[in-house]
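Below is one structure, written out as structure tokens; comments come after it.
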Amino acid sequence: MTNDQRAPADRPRSWPYAAAAYVFAVVMVGTTLPTPLYGLYQEEIGFSSLMVTVIFAVYAAGVIAVLTVAGGVSDVLGRRPVLLAGLGCAAASALCFLFEGGLPLLFAGRVLSGFSAGLFTGTATVAVMELAPRHRRGRASFAATAANMLGLGCGPLLAGLLAEYAPWPLRLPYLVHLGLVAVATCLTLVLPETVRHAGPRPALRPRRPSVPAETRSVFVPAALAAFAGFAMFGLFTSVAPSFMAQTLGVHNLAVSGLVVFLTFASSTVGQASLGGVPAERALPLGCFVLVAGLAAIGGSLLATSLPLLVAGAVVAGVGQGLLFRAGLSAVSARAPADRRGETTSAFFVVAYLGISLPVVGVGALSLALGLRDAGLVFSACAMVLAGSIGVWLLRAVPRRPRTGA
């Protein structure tokens with residue numbers, strides 16, 4: 001028995017489930033909003049492509065720090081207080097960008113954005129699944145991951161459109177996001193709380209995300225696959241617009257934002273196409289589809305072809321979606337109820353290591369090789385990583401002894 005008892009999600013009302021997905025998406029929009037704007041910041045402030053990747057890595061470091069220190073805090077405090085804290089960080093981040101006058105506020109905005117994502121990734125994922133009514137419970141994990149991915153994709157699309165076709169390109173996107181955050185905050189205040197304690201609430205103390213023993217056999221392959229998929233996302237959300245401008249001659253910010261959006265939207269398509277495919281098959285399949293997409297991305301740099309880059313983004317996004325949803329569903333299903341938020345946060349720690357570390361390497365390489373050749377090196381390394389993980393999963397996972405579920 002556990003001291004935690006969660007309020008049943010078997011209520012006929014669907015609005016809390018939909019509202020939680022909306023709130024999740026809104027916060028993730030803010031985390032990628034600067035993606036097509038980095039070139040404008042470079043012109044305004046003056047910094048290299050390496051600094052772009054460092055700024056991006058600061059965001060990822062903020063995510064990982066929160067997940068590491070407070071990954072399981074929503075299992076103690078409840079989902080709603082943690083979601084409200086994340087919304088506060090998202091609003092503070094937008095304000096930093098609004099009043100940005102140089103690198104200090106740019107860094108501060110990205111750190112706060114990382115804090116908001118760190119508070120949301122595990123907590124909001126679990127909240128969406130717990131608030132799902134009985135008739136939608138089978139699709140709840142898809143709703144959570146789709147809200148995450150579409151939110152991440154809508155950030156660059158929104159910022160690119162506003163920066164290209166509306167006034168105040170470095171201000172208006174954040175004003176719009178502040179409005180979305182205000183609506184999300186009002187919805188969060190009335191969301192039902194899904195965490196209940198039968199006895200006294202456990203003491204709140206920093207606790208690193210850890211993986212329960214009974215979950216590890218599922219967690220390890222799922223997290224490794226997520227690392228590979230998020231590495232590809234790191235490339236597109238940090239330096240892809242610079243690649244398009246410098247290598248492909250694409251200077252329209254709306255087009256840059258659209259290409260990044262397609263990557264995340266394709267991830268959602270990949271998640272939706274999972275259907276009844278078991279995780280032990282979907283994970284290696286996703287890795288191999290990701291390899292094909294990365295090959296097309298590398299080919300686009302060699303051939304200086306925008307259509308090939310778009311095709312690679314779509315295929316790689318589908319592969320990431322397959323492996324991401326399969327992995328997250330498997331980890332969440334195997335985790336004990338009272339440690340579900342903690343275990344999900346640990347999964348995202350590994351994923352965000354993938355979104356940050358390789359990207360900084362691309363930035364460093366670009367100083368010596370240029371963005372094009374650095375992108376080729378990244379594509380080759382990511383293909384080897386994803387392909388190796390796919391082969392390992394294909395061989396190792398089916399050999400595991402089956403246990404009664």
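Following the order of the structure tokens, chains are lettered A, B, ..., residues in each are numbered from 1, and ligands are numbered from 1.
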Check your understanding: Residues at most 7 Å from Leu253 (chain A), counting only C-alpha atoms, excluding those fewer than 3 positions away in the same chain, as a PyMOL selection string?
Key -> chain A and resi 36+160-161+163-164+256-257
**Study point:** Exercise: Ser210 (chain A) partners within 7 Å, only C-alpha atoms, chain neighbours under 3 positions left out, as a VMD selection string
**Key:** chain A and resid 342 to 343 346
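Atom pair CA of Pro167 (chain A) / CA of Met51 (chain A): separated by 26.3 Å.
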Exercise for review: For Phe24 (chain A), please output as a PyMOL selection string all residues within 10 Å (counting only C-alpha atoms; exclusion window: fewer than 4 positions along the same chain).
Suggested key: chain A and resi 18-20+28-29+83+86-87+117+120-121+123-125+127-128+144-151+184
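With only C-alpha atoms taken into account, the protein and nucleic acid residues at most 12 Å from Leu170 (chain A) (excluding it and anything under 6 positions from it in its own chain) are Leu33, Pro34, Thr35, Pro36, Leu37, Tyr38, Gly39, Leu40, Tyr41, Gln42, Glu43, Glu44, Ala94, Leu95, Cys96, Phe97, Leu98, Phe99, Glu100, Gly101, Leu106, Ala159, Gly160, Leu161, Leu162, Ala163, Glu164 and Val176 of chain A.
Shell of Leu290 (chain A) at 6 Å, with only C-alpha atoms counted and residues fewer than 3 places along the chain excluded, is Cys287, Gly293, Ala316 and Gly319 of chain A.
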Keeping only C-alpha atoms, write those residues as a PDB file, in the first residue's frame.
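part04.pdb, written as the output of this step:
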ATOM      1  CA  CYS A 287      15.291   4.691 -34.310  1.00  0.00           C
ATOM      2  CA  GLY A 293      15.558  11.362 -41.646  1.00  0.00           C
ATOM      3  CA  ALA A 316      13.152  12.368 -38.572  1.00  0.00           C
ATOM      4  CA  GLY A 319      10.829   8.562 -36.095  1.00  0.00           C
TER       5      GLY A 319
END
Exercise for review: Give the alpha helix (DSSP H) residues of region 69-296 of chain A, as DSSP finds them on the backbone, and put them as an MDAnalysis selection string.
Suggested key: chainID A and resid 69:70 74:77 79:98 103:131 140:165 172:189 216:238 240:246 253:272 279:296
Exercise for review: May I have the residues within 7 Å of region 235-247 of chain A as a PyMOL selection string, using only C-alpha atoms and disregarding those fewer than 2 positions away in the same chain?
Suggested key: chain A and resi 32+35-36+39+52-53+56+231-233+249-251+256+260+304+359+371-372
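Proximity ranking of A:Ala296, A:Val190, A:Ala254, A:Leu306 relative to Pro169 (chain A) places A:Ala254 first, based on only C-alpha atoms.
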Practice item. Considering only C-alpha atoms, return as a count of residues only whatever protein or nucleic-acid residues lie within 12 Å of Thr215 (chain A), sequence-local ones (same chain, fewer than 6 positions apart) excluded. Key: 21
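Among the candidate residues A:Leu294, A:Leu119, A:Val58, A:Val391, the one lying nearest to Phe378 (chain A) is A:Leu294, with distances computed using only C-alpha atoms.
Atom pair CA of Val76 (chain A) / CA of Gly118 (chain A) has a distance of 16.5 Å (rounded to one decimal).
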